[in-house]
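Below is the file coords.txt, which contains compact mmCIF, C-alpha atoms and all ligand atoms.
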# COMPACT_ATOMS: atom_id res chain seq x y z
CA MET A 28 99.18 101.91 96.66
CA ASP A 29 96.58 100.59 99.05
CA VAL A 30 98.10 99.71 102.41
CA LEU A 31 94.80 98.08 103.35
CA GLN A 32 91.85 96.83 101.34
CA VAL A 33 89.10 95.91 103.76
CA THR A 34 86.22 94.08 102.09
CA ASP A 35 82.86 93.12 103.58
CA LEU A 36 84.00 92.57 107.17
CA SER A 37 81.28 91.31 109.48
CA LYS A 38 81.52 90.45 113.14
CA THR A 39 78.94 89.28 115.67
CA TYR A 40 80.08 88.72 119.26
CA LYS A 41 79.07 85.62 121.20
CA THR A 42 76.52 87.72 123.08
CA GLY A 43 74.67 88.05 119.77
CA LYS A 44 75.72 91.69 119.37
CA LYS A 45 76.41 92.47 115.71
CA ALA A 46 79.36 94.85 115.79
CA LEU A 47 80.20 95.11 112.06
CA THR A 48 78.08 94.64 108.93
CA ASP A 49 79.82 94.28 105.55
CA LEU A 50 82.39 96.95 106.29
CA SER A 51 84.54 97.93 103.29
CA PHE A 52 87.18 100.63 102.91
CA ASP A 53 90.70 101.23 101.64
CA VAL A 54 93.65 102.92 103.31
CA LYS A 55 96.08 104.62 100.93
CA LYS A 56 99.82 104.70 101.47
CA GLY A 57 101.02 107.82 103.25
CA GLU A 58 97.69 109.10 104.54
CA ILE A 59 96.46 109.83 108.03
CA LEU A 60 92.99 108.32 108.21
CA GLY A 61 90.76 109.60 110.99
CA PHE A 62 88.54 106.77 112.16
CA LEU A 63 85.58 108.28 113.97
CA GLY A 64 82.32 107.18 115.50
CA PRO A 65 80.34 107.41 118.72
CA ASN A 66 80.90 104.85 121.48
CA GLY A 67 79.81 101.42 120.34
CA ALA A 68 80.15 102.29 116.64
CA GLY A 69 82.52 99.38 115.98
CA LYS A 70 85.87 101.19 115.81
CA SER A 71 87.73 98.98 118.31
CA THR A 72 86.32 95.84 116.72
CA THR A 73 87.56 96.98 113.30
CA ILE A 74 90.97 97.97 114.62
CA SER A 75 91.38 94.70 116.53
CA ILE A 76 90.60 92.75 113.35
CA ILE A 77 93.07 94.83 111.30
CA ALA A 78 95.69 94.32 114.01
CA THR A 79 95.06 90.55 113.78
CA LEU A 80 94.01 90.39 117.44
CA LEU A 81 90.43 89.39 116.62
CA LYS A 82 88.93 87.28 113.82
CA ALA A 83 86.11 88.52 111.63
CA ASP A 84 83.22 86.15 110.89
CA SER A 85 83.49 86.95 107.21
CA GLY A 86 85.20 89.36 104.84
CA THR A 87 88.82 89.87 103.85
CA ILE A 88 91.70 92.26 104.43
CA LYS A 89 94.47 92.58 101.88
CA TYR A 90 97.58 94.07 103.48
CA PHE A 91 100.20 96.11 101.62
CA ASP A 92 98.84 95.14 98.20
CA ASP A 93 100.32 91.68 98.63
CA SER A 94 98.24 88.53 99.02
CA HIS A 95 101.27 86.38 99.84
CA LEU A 96 102.36 87.90 103.16
CA SER A 97 102.36 85.54 106.14
CA GLY A 98 100.69 86.50 109.41
CA LYS A 99 104.11 87.11 110.92
CA GLN A 100 105.22 89.33 108.03
CA ILE A 101 102.04 91.37 108.40
CA LYS A 102 102.54 91.75 112.16
CA CYS A 103 106.09 93.07 111.63
CA LYS A 104 104.78 95.78 109.30
CA LEU A 105 102.06 96.88 111.76
CA GLY A 106 102.43 99.11 114.79
CA VAL A 107 99.57 99.34 117.27
CA VAL A 108 99.52 102.03 119.94
CA PRO A 109 96.94 100.82 122.43
CA GLN A 110 94.73 103.09 124.45
CA ASP A 111 95.99 101.56 127.68
CA ILE A 112 99.63 102.22 128.40
CA ALA A 113 101.62 98.98 128.30
CA ILE A 114 105.14 99.71 129.53
CA TYR A 115 107.40 98.26 132.21
CA GLU A 116 107.75 100.72 135.10
CA ASP A 117 110.95 99.10 136.38
CA LEU A 118 112.82 99.26 133.06
CA SER A 119 114.40 102.44 131.69
CA ALA A 120 112.74 104.14 128.74
CA TYR A 121 115.52 102.81 126.51
CA LYS A 122 115.08 99.23 127.73
CA ASN A 123 111.32 99.40 127.29
CA VAL A 124 111.67 100.37 123.64
CA LYS A 125 114.44 97.84 123.10
CA PHE A 126 112.25 95.07 124.51
CA PHE A 127 109.44 95.80 122.04
CA ALA A 128 111.82 96.28 119.11
CA ALA A 129 113.32 92.85 119.79
CA LEU A 130 109.85 91.36 120.08
CA TYR A 131 109.12 92.64 116.56
CA GLY A 132 112.29 91.05 115.24
CA VAL A 133 114.60 94.06 114.83
CA LYS A 134 118.09 92.70 114.19
CA ARG A 135 120.60 93.08 116.99
CA ASN A 136 123.02 95.24 114.99
CA LEU A 137 120.21 97.70 114.15
CA ILE A 138 118.48 97.82 117.49
CA ASP A 139 120.40 100.67 119.15
CA GLN A 140 119.87 102.95 116.16
CA LYS A 141 116.17 102.14 115.91
CA VAL A 142 115.53 102.54 119.64
CA ARG A 143 117.24 105.94 119.58
CA ASN A 144 115.27 106.97 116.48
CA ALA A 145 111.99 106.04 118.14
CA LEU A 146 112.87 107.90 121.35
CA THR A 147 113.92 110.92 119.29
CA LYS A 148 110.61 110.91 117.38
CA VAL A 149 108.64 111.17 120.64
CA GLY A 150 111.08 113.63 122.23
CA LEU A 151 112.35 111.33 124.98
CA LEU A 152 115.93 110.62 123.93
CA GLU A 153 117.31 112.80 126.71
CA ARG A 154 115.29 110.78 129.23
CA LYS A 155 116.31 107.39 127.84
CA ASP A 156 117.96 106.19 131.04
CA ASP A 157 115.11 107.24 133.34
CA LEU A 158 112.41 104.98 134.72
CA PRO A 159 108.85 105.61 133.52
CA SER A 160 107.79 106.02 137.15
CA SER A 161 109.43 109.48 137.02
CA PHE A 162 107.42 110.41 133.87
CA SER A 163 104.23 112.46 133.53
CA GLY A 164 101.16 110.77 132.02
CA GLY A 165 101.92 112.42 128.69
CA MET A 166 105.52 111.21 128.70
CA LYS A 167 104.36 107.66 129.44
CA ARG A 168 102.06 107.85 126.44
CA ARG A 169 104.94 109.06 124.30
CA LEU A 170 107.05 106.14 125.52
CA ASN A 171 104.16 103.81 124.70
CA ILE A 172 104.25 105.20 121.16
CA ALA A 173 108.03 104.75 120.89
CA CYS A 174 107.58 101.08 121.87
CA ALA A 175 105.06 100.59 119.06
CA ILE A 176 107.08 102.29 116.30
CA ALA A 177 110.72 101.28 116.92
CA HIS A 178 110.48 98.47 114.35
CA GLU A 179 109.48 101.13 111.79
CA PRO A 180 106.07 99.76 110.83
CA ASP A 181 104.50 100.76 107.51
CA LEU A 182 101.04 101.06 109.06
CA ILE A 183 100.54 102.52 112.54
CA ILE A 184 97.23 102.40 114.37
CA PHE A 185 96.67 104.93 117.16
CA ASP A 186 93.76 104.23 119.49
CA GLU A 187 92.94 107.53 121.21
CA PRO A 188 96.56 108.39 122.06
CA THR A 189 95.83 111.81 123.57
CA VAL A 190 93.18 111.02 126.17
CA GLY A 191 93.79 112.85 129.44
CA ILE A 192 97.21 114.32 128.78
CA ASP A 193 98.70 117.80 129.01
CA PRO A 194 98.56 120.11 125.95
CA GLN A 195 102.33 120.02 125.48
CA SER A 196 102.46 116.23 125.19
CA ARG A 197 99.37 116.29 122.99
CA ASN A 198 100.96 118.74 120.56
CA HIS A 199 104.13 116.71 120.62
CA ILE A 200 102.23 113.54 119.73
CA LEU A 201 100.29 115.21 116.90
CA THR A 202 103.48 116.70 115.45
CA SER A 203 105.32 113.40 115.65
CA ILE A 204 102.43 111.57 113.95
CA LYS A 205 102.59 114.04 111.05
CA GLY A 206 106.35 113.47 110.96
CA MET A 207 105.84 109.71 110.69
CA ARG A 208 103.41 110.26 107.82
CA ASP A 209 105.89 112.57 106.09
CA GLN A 210 108.51 109.84 106.36
CA GLY A 211 106.22 107.42 104.52
CA ALA A 212 104.20 105.69 107.23
CA THR A 213 100.45 105.29 106.92
CA ILE A 214 98.35 106.11 109.98
CA ILE A 215 94.92 105.12 111.26
CA TYR A 216 93.92 107.50 114.04
CA THR A 217 90.96 107.28 116.40
CA THR A 218 90.08 110.13 118.71
CA HIS A 219 87.19 111.88 120.38
CA TYR A 220 88.73 115.29 119.69
CA MET A 221 87.49 116.91 116.46
CA GLU A 222 90.10 119.66 116.52
CA GLU A 223 92.82 116.97 116.33
CA VAL A 224 91.12 115.46 113.30
CA GLU A 225 91.00 118.83 111.55
CA GLN A 226 94.65 119.38 112.50
CA ILE A 227 96.20 116.15 111.19
CA CYS A 228 93.86 113.91 109.17
CA ASP A 229 93.92 113.65 105.38
CA ARG A 230 90.81 111.50 105.16
CA ILE A 231 87.96 110.65 107.48
CA ILE A 232 85.71 107.67 107.97
CA ILE A 233 82.68 108.19 110.16
CA MET A 234 80.99 104.99 111.25
CA ASP A 235 78.08 104.06 113.48
CA GLY A 236 76.14 100.88 114.13
CA GLY A 237 78.87 98.79 112.49
CA LYS A 238 78.55 100.59 109.15
CA ILE A 239 80.37 103.41 107.38
CA LEU A 240 78.31 106.59 107.07
CA LEU A 241 80.91 108.80 105.38
CA ASN A 242 84.33 108.23 103.82
CA ASP A 243 86.04 111.16 102.11
CA THR A 244 88.96 113.57 102.36
CA LEU A 245 88.78 116.22 105.07
CA HIS A 246 88.99 118.82 102.31
CA ASN A 247 85.97 117.40 100.43
CA ILE A 248 83.91 116.94 103.58
CA LEU A 249 84.43 120.52 104.68
CA ARG A 250 83.75 121.74 101.13
CA ASP A 251 80.60 119.65 100.55
CA TYR A 252 79.04 119.40 104.00
CA THR A 253 79.75 122.72 105.70
CA GLY A 254 79.05 126.36 104.79
CA PRO A 255 76.07 128.73 104.73
CA LYS A 256 73.86 126.50 102.49
CA THR A 257 74.21 123.50 104.77
CA GLY A 258 73.72 125.11 108.15
CA LYS A 259 76.81 123.26 109.39
CA HIS A 260 79.94 125.05 110.46
CA ASN A 261 82.51 122.37 111.12
CA LEU A 262 83.29 118.67 111.28
CA GLU A 263 81.62 118.38 114.66
CA ASP A 264 78.32 119.56 113.10
CA VAL A 265 78.72 117.06 110.24
CA PHE A 266 79.35 114.25 112.71
CA LEU A 267 76.30 115.23 114.77
CA SER A 268 74.03 115.40 111.73
CA LEU A 269 75.14 111.96 110.47
CA THR A 270 75.13 110.04 113.73
CA GLY A 271 72.69 112.04 115.83
CA LYS A 272 75.35 111.97 118.53
CA SER A 273 78.21 114.13 119.67
CA LEU A 274 81.69 112.68 119.30
CA ARG A 275 82.24 113.43 122.96
CA ASP A 276 79.33 111.26 124.20
P1 LIG B 1 83.75 101.48 119.56
O1 LIG B 1 85.20 101.13 119.60
O2 LIG B 1 83.38 102.29 118.36
O3 LIG B 1 83.26 102.11 120.83
P2 LIG B 1 83.30 98.61 119.69
O4 LIG B 1 83.93 98.00 118.50
O5 LIG B 1 84.03 98.53 121.00
O6 LIG B 1 82.90 100.13 119.37
O7 LIG B 1 81.87 97.95 119.93
C1 LIG B 1 80.92 97.70 118.88
C2 LIG B 1 79.74 96.97 119.47
O8 LIG B 1 80.15 95.65 119.88
C3 LIG B 1 79.17 97.64 120.71
O9 LIG B 1 77.77 97.45 120.72
C4 LIG B 1 79.81 96.87 121.84
O10 LIG B 1 78.98 96.88 123.00
C5 LIG B 1 79.95 95.48 121.26
N1 LIG B 1 81.12 94.76 121.80
C6 LIG B 1 82.41 95.17 121.77
N2 LIG B 1 83.23 94.25 122.32
C7 LIG B 1 82.42 93.22 122.72
C8 LIG B 1 82.67 91.98 123.35
N3 LIG B 1 83.91 91.58 123.69
N4 LIG B 1 81.61 91.18 123.60
C9 LIG B 1 80.36 91.56 123.26
N5 LIG B 1 80.07 92.73 122.64
C10 LIG B 1 81.07 93.55 122.38
Represent the structure of the file as structure tokens.
Amino acid sequence: MDVLQVTDLSKTYKTGKKALTDLSFDVKKGEILGFLGPNGAGKSTTISIIATLLKADSGTIKYFDDSHLSGKQIKCKLGVVPQDIAIYEDLSAYKNVKFFAALYGVKRNLIDQKVRNALTKVGLLERKDDLPSSFSGGMKRRLNIACAIAHEPDLIIFDEPTVGIDPQSRNHILTSIKGMRDQGATIIYTTHYMEEVEQICDRIIIMDGGKILLNDTLHNILRDYTGPKTGKHNLEDVFLSLTGKSLRD
């Protein structure tokens, strides 16, 4: 089943900057899709349109193989983990997650269970009564994730969730993302860290200049684009050869 069918999306900002040109791709149920590109490639624009925060000029997105879903129904099936941490410092971890779960329409009789599940997934259940102000940067990011997933979305979009955090929290986040996938969620994952992509992604889209340059499984990309005949050793080399830029730029 296709969780997303993105067809011919185009977007030009008011400044005249064309951010996306006829972008088309599918996202399959149960996969972790690595969404990669140098700065300015159009990743955030695409993600904002998918998350219904921004309107495309043209093109369509079919969500969850169902043309009849309302905007509200779509929103309740989406989870977006923003790059910037958006939590309330003066509410306990539990109350933060509860607030977002209620916002996404989780029924009152289910809310305690779902909040606990989300805190368990990110390894913060034992800290549920603590204020985020006592948390490390990595723990705040994990709480941010719990807030975005408590309503058990079918599609979760992570926008660089591991920037500037300690290795322990990073590993925890990567493991919990794989766990979410194994429980049936579909994931779109953006990052500037290639080793994370090789660790967790099933499929990879590399874009630049508002267009897709490569869209294939990690397995196929490594098989077809790296090795002695190609002169490329890893995904980082493939990225560099396609875009002319390093992912870290
Ligand atoms: P990425 O997330 O891959 O770094 P973006 O989607 O943020 O790329 O940006 C794509 C292009 O659109 C870039 O050239 C960027 O400068 C431009 N852009 C992004 N947001 C805006 C905006 N709000 N107004 C004008 N131009 C924008």
With a cut-off of 10 Å, could you pull out the residues of chain A touching ligand LIG 1 (chain B) and give me the nearest pair of atoms for each, distance in Å to one decimal, using only C-alpha atoms and all ligand atoms, ordered by chain and ascending number, as a Markdown table?
| residue | atom | partner | partner_atom | distance |
| --- | --- | --- | --- | --- |
| A:Lys38 | CA | B:LIG1 | O8 | 8.6 |
| A:Thr39 | CA | B:LIG1 | O8 | 7.7 |
| A:Tyr40 | CA | B:LIG1 | C9 | 4.9 |
| A:Lys41 | CA | B:LIG1 | C9 | 6.4 |
| A:Thr42 | CA | B:LIG1 | C9 | 5.4 |
| A:Gly43 | CA | B:LIG1 | C9 | 7.5 |
| A:Lys44 | CA | B:LIG1 | N5 | 5.5 |
| A:Lys45 | CA | B:LIG1 | O8 | 6.4 |
| A:Ala46 | CA | B:LIG1 | O8 | 4.2 |
| A:Leu47 | CA | B:LIG1 | C1 | 7.3 |
| A:Phe62 | CA | B:LIG1 | O2 | 9.2 |
| A:Leu63 | CA | B:LIG1 | O2 | 7.7 |
| A:Gly64 | CA | B:LIG1 | O2 | 5.8 |
| A:Pro65 | CA | B:LIG1 | O2 | 6.0 |
| A:Asn66 | CA | B:LIG1 | O3 | 3.7 |
| A:Gly67 | CA | B:LIG1 | O6 | 3.5 |
| A:Ala68 | CA | B:LIG1 | O2 | 3.7 |
| A:Gly69 | CA | B:LIG1 | O4 | 3.2 |
| A:Lys70 | CA | B:LIG1 | O2 | 3.7 |
| A:Ser71 | CA | B:LIG1 | O1 | 3.6 |
| A:Thr72 | CA | B:LIG1 | O4 | 3.7 |
| A:Thr73 | CA | B:LIG1 | O4 | 6.4 |
| A:Ile74 | CA | B:LIG1 | O4 | 8.0 |
| A:Ser75 | CA | B:LIG1 | O4 | 8.4 |
| A:Ile76 | CA | B:LIG1 | O4 | 9.9 |
| A:Leu81 | CA | B:LIG1 | N3 | 9.9 |
| A:Asp186 | CA | B:LIG1 | O1 | 9.1 |
| A:Thr217 | CA | B:LIG1 | O1 | 9.0 |
| A:Met234 | CA | B:LIG1 | O2 | 8.0 |
| A:Asp235 | CA | B:LIG1 | O2 | 7.4 |
| A:Gly236 | CA | B:LIG1 | C1 | 7.5 |
| A:Gly237 | CA | B:LIG1 | C1 | 6.8 |
I need the chosen residues saved as a PDB file, in the coordinates of the input, with C-alpha atoms.
ATOM      1  CA  LYS A  38      81.520  90.450 113.140  1.00  0.00           C
ATOM      2  CA  THR A  39      78.940  89.280 115.670  1.00  0.00           C
ATOM      3  CA  TYR A  40      80.080  88.720 119.260  1.00  0.00           C
ATOM      4  CA  LYS A  41      79.070  85.620 121.200  1.00  0.00           C
ATOM      5  CA  THR A  42      76.520  87.720 123.080  1.00  0.00           C
ATOM      6  CA  GLY A  43      74.670  88.050 119.770  1.00  0.00           C
ATOM      7  CA  LYS A  44      75.720  91.690 119.370  1.00  0.00           C
ATOM      8  CA  LYS A  45      76.410  92.470 115.710  1.00  0.00           C
ATOM      9  CA  ALA A  46      79.360  94.850 115.790  1.00  0.00           C
ATOM     10  CA  LEU A  47      80.200  95.110 112.060  1.00  0.00           C
ATOM     11  CA  PHE A  62      88.540 106.770 112.160  1.00  0.00           C
ATOM     12  CA  LEU A  63      85.580 108.280 113.970  1.00  0.00           C
ATOM     13  CA  GLY A  64      82.320 107.180 115.500  1.00  0.00           C
ATOM     14  CA  PRO A  65      80.340 107.410 118.720  1.00  0.00           C
ATOM     15  CA  ASN A  66      80.900 104.850 121.480  1.00  0.00           C
ATOM     16  CA  GLY A  67      79.810 101.420 120.340  1.00  0.00           C
ATOM     17  CA  ALA A  68      80.150 102.290 116.640  1.00  0.00           C
ATOM     18  CA  GLY A  69      82.520  99.380 115.980  1.00  0.00           C
ATOM     19  CA  LYS A  70      85.870 101.190 115.810  1.00  0.00           C
ATOM     20  CA  SER A  71      87.730  98.980 118.310  1.00  0.00           C
ATOM     21  CA  THR A  72      86.320  95.840 116.720  1.00  0.00           C
ATOM     22  CA  THR A  73      87.560  96.980 113.300  1.00  0.00           C
ATOM     23  CA  ILE A  74      90.970  97.970 114.620  1.00  0.00           C
ATOM     24  CA  SER A  75      91.380  94.700 116.530  1.00  0.00           C
ATOM     25  CA  ILE A  76      90.600  92.750 113.350  1.00  0.00           C
ATOM     26  CA  LEU A  81      90.430  89.390 116.620  1.00  0.00           C
ATOM     27  CA  ASP A 186      93.760 104.230 119.490  1.00  0.00           C
ATOM     28  CA  THR A 217      90.960 107.280 116.400  1.00  0.00           C
ATOM     29  CA  MET A 234      80.990 104.990 111.250  1.00  0.00           C
ATOM     30  CA  ASP A 235      78.080 104.060 113.480  1.00  0.00           C
ATOM     31  CA  GLY A 236      76.140 100.880 114.130  1.00  0.00           C
ATOM     32  CA  GLY A 237      78.870  98.790 112.490  1.00  0.00           C
TER      33      GLY A 237
END
Take every atom of stretch 98-104 of chain A listed in the file, pad by 5 Å on each side, and give me the axis-aligned box centre and edge lengths in Å, one decimal, as JSON.
{"center_x": 103.4, "center_y": 91.1, "center_z": 110.1, "size_x": 15.4, "size_y": 19.3, "size_z": 14.1}
Hey, can you check how far atom CA of A:Asp193 sits from atom CA of A:Lys167?
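So the answer is 11.6 Å.
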So which residues touch A:Asp93 within 10 Å, counting all atoms listed in the file, skipping near sequence neighbours fewer than 4 positions away, as a list in words?
Asp29, Val30, Leu31, Lys89, Ser97 and Ile101 of chain A
Distance in Å - atom CA of A:Thr270 versus atom CA of A:Lys238
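These two atoms are separated by 11.0 Å.
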From the set A:Ile172, A:Ala177, A:Leu152, A:Ile112, which residue has the shortest atom-to-atom contact distance to A:Leu137, counting only C-alpha atoms?
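Of the candidates, the smallest distance to A:Leu137 is held by A:Ala177.
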Counting all atoms listed in the file, I want the residues whose atoms come within 7 Å of (79.3, 111.9, 110.6) in the file frame, returned as a list in words.
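Those residues lying close to the given coordinates are Ile233, Leu240, Leu241, Val265, Phe266, Leu267, Ser268, Leu269 and Thr270 of chain A.
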For A:Asn261, the nearest of the candidates A:Leu50, A:Leu274, A:Met221, A:Ile77, counting all atoms listed in the file:
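Of the candidates, the smallest distance to A:Asn261 is held by A:Met221.
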Might you pull out every residue within 12 Å of A:Leu130, with only C-alpha atoms counted and same-chain residues fewer than 4 positions away left off, and present them as number ranges by chain?
A: 99, 102-103, 106, 123-126, 134-135, 138, 174-178
Rank nothing, just name the residue among A:Leu245, A:Ile227, A:Ile59, A:Leu182 nearest to A:Tyr90, using all atoms listed in the file.
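Distance minimum relative to A:Tyr90 lands on A:Leu182.
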Best match for closeness to A:Gly98 among A:Ile192, A:Met28, A:Ala120, A:Leu80, counting all atoms listed in the file
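Going through A:Ile192, A:Met28, A:Ala120, A:Leu80 one by one, the smallest distance to A:Gly98 is for A:Leu80.
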Near A:Val33, counting all atoms listed in the file, which residues have an atom at most 6 Å away, once you skip same-chain residues fewer than 2 positions from it, shown as a VMD selection string?
chain A and resid 51 to 53 88
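Closest approach to A:Phe127 from the set A:Lys55, A:Ala173, A:Leu146, A:Pro194 is made by A:Ala173, with distances taken over only C-alpha atoms.
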May I ask for the distance between atom CA of A:Leu201 and atom CA of A:Pro188, given in Å to one decimal place?
9.3 Å
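Closest approach to A:Gly132 among A:Gln110, A:Gln226, A:Thr202, A:Gln100: A:Gln100, based on all atoms listed in the file.
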